[in-house]
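K.L.:
Following this line is work-v7.txt, made up of compact mmCIF, C-alpha atoms:
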```
# COMPACT_ATOMS: atom_id res chain seq x y z
CA MET A 1 0.00 0.00 0.00
CA ASP A 2 1.10 3.54 -0.55
CA LEU A 3 1.92 5.97 2.23
CA ALA A 4 -1.73 7.05 2.50
CA GLY A 5 -2.70 3.42 3.17
CA LYS A 6 -4.60 2.65 -0.01
CA GLN A 7 -3.70 0.75 -3.14
CA ARG A 8 -4.18 2.35 -6.50
CA ARG A 9 -6.30 0.90 -9.30
CA MET A 10 -4.61 -1.82 -11.36
CA THR A 11 -4.68 -0.35 -14.87
CA ARG A 12 -4.06 -2.53 -17.93
CA GLN A 13 -0.58 -1.07 -18.41
CA ARG A 14 0.28 -1.52 -14.74
CA ARG A 15 -0.95 -5.14 -14.84
CA VAL A 16 1.22 -5.96 -17.89
CA ILE A 17 4.31 -4.35 -16.29
CA TRP A 18 3.69 -6.23 -13.03
CA ASP A 19 3.03 -9.57 -14.77
CA GLU A 20 6.14 -9.30 -16.95
CA LEU A 21 8.34 -8.35 -13.99
CA ARG A 22 7.09 -11.30 -11.95
CA LYS A 23 8.05 -13.68 -14.79
CA LEU A 24 11.68 -12.48 -14.75
CA ARG A 25 14.48 -13.61 -12.44
CA THR A 26 16.98 -11.04 -13.72
CA HIS A 27 16.16 -7.97 -11.56
CA PRO A 28 15.87 -5.60 -14.54
CA SER A 29 16.28 -1.85 -14.64
CA ALA A 30 13.30 0.16 -15.89
CA GLU A 31 14.92 0.37 -19.32
CA GLU A 32 15.44 -3.41 -19.50
CA LEU A 33 11.89 -4.08 -18.37
CA HIS A 34 10.60 -1.59 -20.96
CA VAL A 35 12.10 -3.76 -23.72
CA VAL A 36 10.29 -6.82 -22.33
CA VAL A 37 6.96 -5.03 -21.79
CA ARG A 38 7.00 -3.63 -25.35
CA ARG A 39 6.62 -7.19 -26.66
CA ALA A 40 3.18 -7.31 -25.01
CA MET A 41 2.34 -3.59 -25.44
CA PRO A 42 4.32 -2.17 -28.38
CA GLY A 43 3.20 1.44 -27.84
CA ILE A 44 4.10 1.73 -24.15
CA SER A 45 6.59 4.47 -23.33
CA LEU A 46 9.59 4.28 -21.03
CA GLY A 47 8.05 7.05 -18.93
CA THR A 48 4.91 4.97 -18.39
CA VAL A 49 7.04 2.04 -17.24
CA TYR A 50 8.94 4.30 -14.81
CA ARG A 51 5.76 5.81 -13.36
CA ASN A 52 4.06 2.46 -12.92
CA LEU A 53 7.12 0.88 -11.31
CA VAL A 54 7.00 3.63 -8.68
CA VAL A 55 3.29 2.95 -8.07
CA LEU A 56 3.83 -0.83 -7.83
CA TRP A 57 6.75 -0.29 -5.43
CA LYS A 58 4.83 2.15 -3.22
CA ASP A 59 1.88 -0.26 -3.15
CA GLY A 60 4.21 -3.03 -1.93
CA ARG A 61 3.71 -5.23 -5.00
CA ILE A 62 7.38 -5.19 -6.09
CA LEU A 63 10.81 -4.54 -4.60
CA ARG A 64 13.07 -1.69 -5.68
CA LEU A 65 16.77 -2.53 -5.33
CA GLU A 66 19.04 0.48 -5.04
CA GLY A 67 22.79 0.45 -4.64
CA LEU A 68 23.26 -2.84 -6.49
CA GLY A 69 25.11 -2.06 -9.68
CA GLY A 70 24.56 1.70 -9.64
CA ARG A 71 20.99 2.05 -10.93
CA ALA A 72 17.63 1.01 -9.54
CA ARG A 73 16.62 -2.56 -10.30
CA TYR A 74 13.24 -4.15 -9.70
CA ASP A 75 12.16 -7.52 -8.34
CA GLY A 76 8.69 -9.02 -8.73
CA ASP A 77 9.34 -11.53 -5.94
CA ILE A 78 8.35 -9.85 -2.68
CA ARG A 79 8.96 -12.86 -0.44
CA PRO A 80 11.64 -12.18 2.21
CA HIS A 81 15.02 -12.78 0.58
CA HIS A 82 18.45 -11.25 0.02
CA HIS A 83 20.41 -10.37 -3.13
CA ALA A 84 23.95 -10.95 -4.33
CA LEU A 85 25.61 -8.82 -7.04
CA CYS A 86 28.34 -10.25 -9.25
CA LEU A 87 31.01 -7.56 -9.48
CA ARG A 88 32.24 -8.86 -12.84
CA CYS A 89 29.09 -9.44 -14.95
CA GLY A 90 26.53 -7.42 -12.95
CA ARG A 91 24.13 -10.31 -12.49
CA ILE A 92 21.92 -10.12 -9.38
CA VAL A 93 20.77 -13.38 -7.86
CA ASP A 94 18.26 -14.15 -5.13
CA LEU A 95 19.40 -15.73 -1.88
CA MET A 96 16.74 -17.22 0.36
CA PRO A 97 17.15 -16.68 4.12
CA SER A 98 17.95 -20.39 4.56
CA GLN A 99 20.97 -19.94 2.24
CA VAL A 100 22.51 -17.22 4.41
CA ALA A 101 23.89 -18.79 7.58
CA GLY A 102 23.94 -16.78 10.80
CA VAL A 103 21.63 -13.97 9.75
CA GLY A 104 18.60 -13.59 11.99
CA ASP A 105 15.59 -11.32 11.89
CA PRO A 106 16.47 -8.06 13.70
CA ARG A 107 12.91 -6.97 14.60
CA VAL A 108 14.20 -5.80 17.96
CA LEU A 109 17.76 -4.59 18.31
CA ASP A 110 18.72 -4.69 22.00
CA GLY A 111 15.55 -2.77 22.89
CA VAL A 112 17.04 0.39 21.37
CA PHE A 113 15.56 0.21 17.91
CA LYS A 114 12.54 -1.61 16.48
CA ALA A 115 13.20 -2.43 12.84
CA THR A 116 10.15 -2.63 10.57
CA GLY A 117 12.17 -3.99 7.68
CA TRP A 118 15.68 -4.75 6.63
CA ARG A 119 17.78 -5.65 3.61
CA LEU A 120 21.05 -7.46 3.31
CA ASP A 121 22.97 -7.42 0.01
CA PHE A 122 26.11 -9.33 -0.92
CA GLU A 123 28.81 -8.58 -3.49
CA GLY A 124 31.25 -11.00 -5.06
CA LEU A 125 31.52 -13.29 -8.06
CA CYS A 126 28.77 -15.51 -9.42
CA PRO A 127 29.77 -19.16 -10.04
CA ALA A 128 30.27 -18.54 -13.79
CA CYS A 129 32.60 -15.56 -13.25
CA ALA A 130 34.44 -17.33 -10.44
CA GLY A 131 35.16 -20.19 -12.84
CA ASN A 132 33.13 -22.74 -10.89
CA GLU A 133 30.56 -23.49 -13.59
CA PRO A 134 29.96 -22.90 -17.31
CA GLU A 135 28.82 -19.41 -18.25
CA THR A 136 25.08 -18.96 -17.88
CA PRO A 137 22.80 -16.70 -19.91
CA GLY A 138 22.82 -13.17 -18.49
CA CYS A 139 26.48 -13.32 -17.42
```
Go through the file and emit its structure as structure tokens.

P.N.:
Amino acid sequence: MDLAGKQRRMTRQRRVIWDELRKLRTHPSAEELHVVVRRAMPGISLGTVYRNLVVLWKDGRILRLEGLGGRARYDGDIRPHHHALCLRCGRIVDLMPSQVAGVGDPRVLDGVFKATGWRLDFEGLCPACAGNEPETPGC
């Protein structure tokens, strides 16, 4: 929901953007998502994609990732999870909480601060760039 506590109407354009983002596992930028969305809606503008991504993010339907690779990226998977950025190819991968040992849920931090949310991002090399597996699409 947005800051006023109400969700906005799901327009046709917004629905297509949301559906296409949820199909992806690549954490696209607005520009990258625009290319994908244009396959379903050829006349949609980049500005429309930007505006609707902001609405979907404010309504809590998608995640906005900032600080990973320099520009905002978007994630249609809103389940609790972390992200890892490959410093060589720029690929962003999802890490489920069970994959990250020793990280708990800091809802209460020593009684000093009550966190309402948190994010943990990792940087390093994906298996393909580290030489541990064959190169995968997107790397």

K.L.:
Find the residue from A:Ala84, A:Val112, A:Ile44, A:Ile92 that sits nearest to Leu24 (chain A); use all atoms listed in the file when measuring.

P.N.:
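Answer, going by the shortest atom-to-atom distance: A:Ile92.
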
K.L.:
What residues have an atom no more than 12 Å from (12.7, -17.4, -3.2) in the file's own frame, counting only C-alpha atoms, and can you write them as a ChimeraX atom specification?

P.N.:
/A:25,75-83,93-99

K.L.:
Please report the interatomic distance between CA of Thr116 (chain A) and CA of Ala101 (chain A) in Å with one decimal.

P.N.:
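About the pair CA of Thr116 (chain A) and CA of Ala101 (chain A): they are 21.4 Å apart.
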
K.L.:
What's the 9 Å shell around Leu65 (chain A), counting all atoms listed in the file, without same-chain residues fewer than 5 positions away, as a PyMOL selection string?

P.N.:
chain A and resi 27+71-75+83

K.L.:
When you count only C-alpha atoms, which of these residues is closest to Arg9 (chain A): A:Asn52, A:Met41, A:Thr26, A:Gly67?

P.N.:
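Answer, going by the shortest atom-to-atom distance: A:Asn52.
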
K.L.:
Near Leu53 (chain A), counting all atoms listed in the file, which residues have an atom at most 10 Å away, once you skip same-chain residues fewer than 6 positions from it, shown as a ChimeraX atom specification?

P.N.:
/A:14,17-18,21,30,33,47,59,61-64,74

K.L.:
Could you work out how far CA of Glu31 (chain A) lies from CA of Leu46 (chain A), giving the answer in Å with one decimal?

P.N.:
6.8 Å

K.L.:
Of the candidates A:Gln13, A:Gly102, A:Arg22, A:Val55, which one gets nearest to Ala40 (chain A) if we count only C-alpha atoms?

P.N.:
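Checking each candidate against Ala40 (chain A), we get A:Gln13 as the closest.
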
K.L.:
Mind checking which residues fall within 10 Å of region 126-133 of chain A, counting all atoms listed in the file, ignoring those fewer than 5 positions away in the same chain, and posting them as number ranges by chain?

P.N.:
A: 84-93, 139
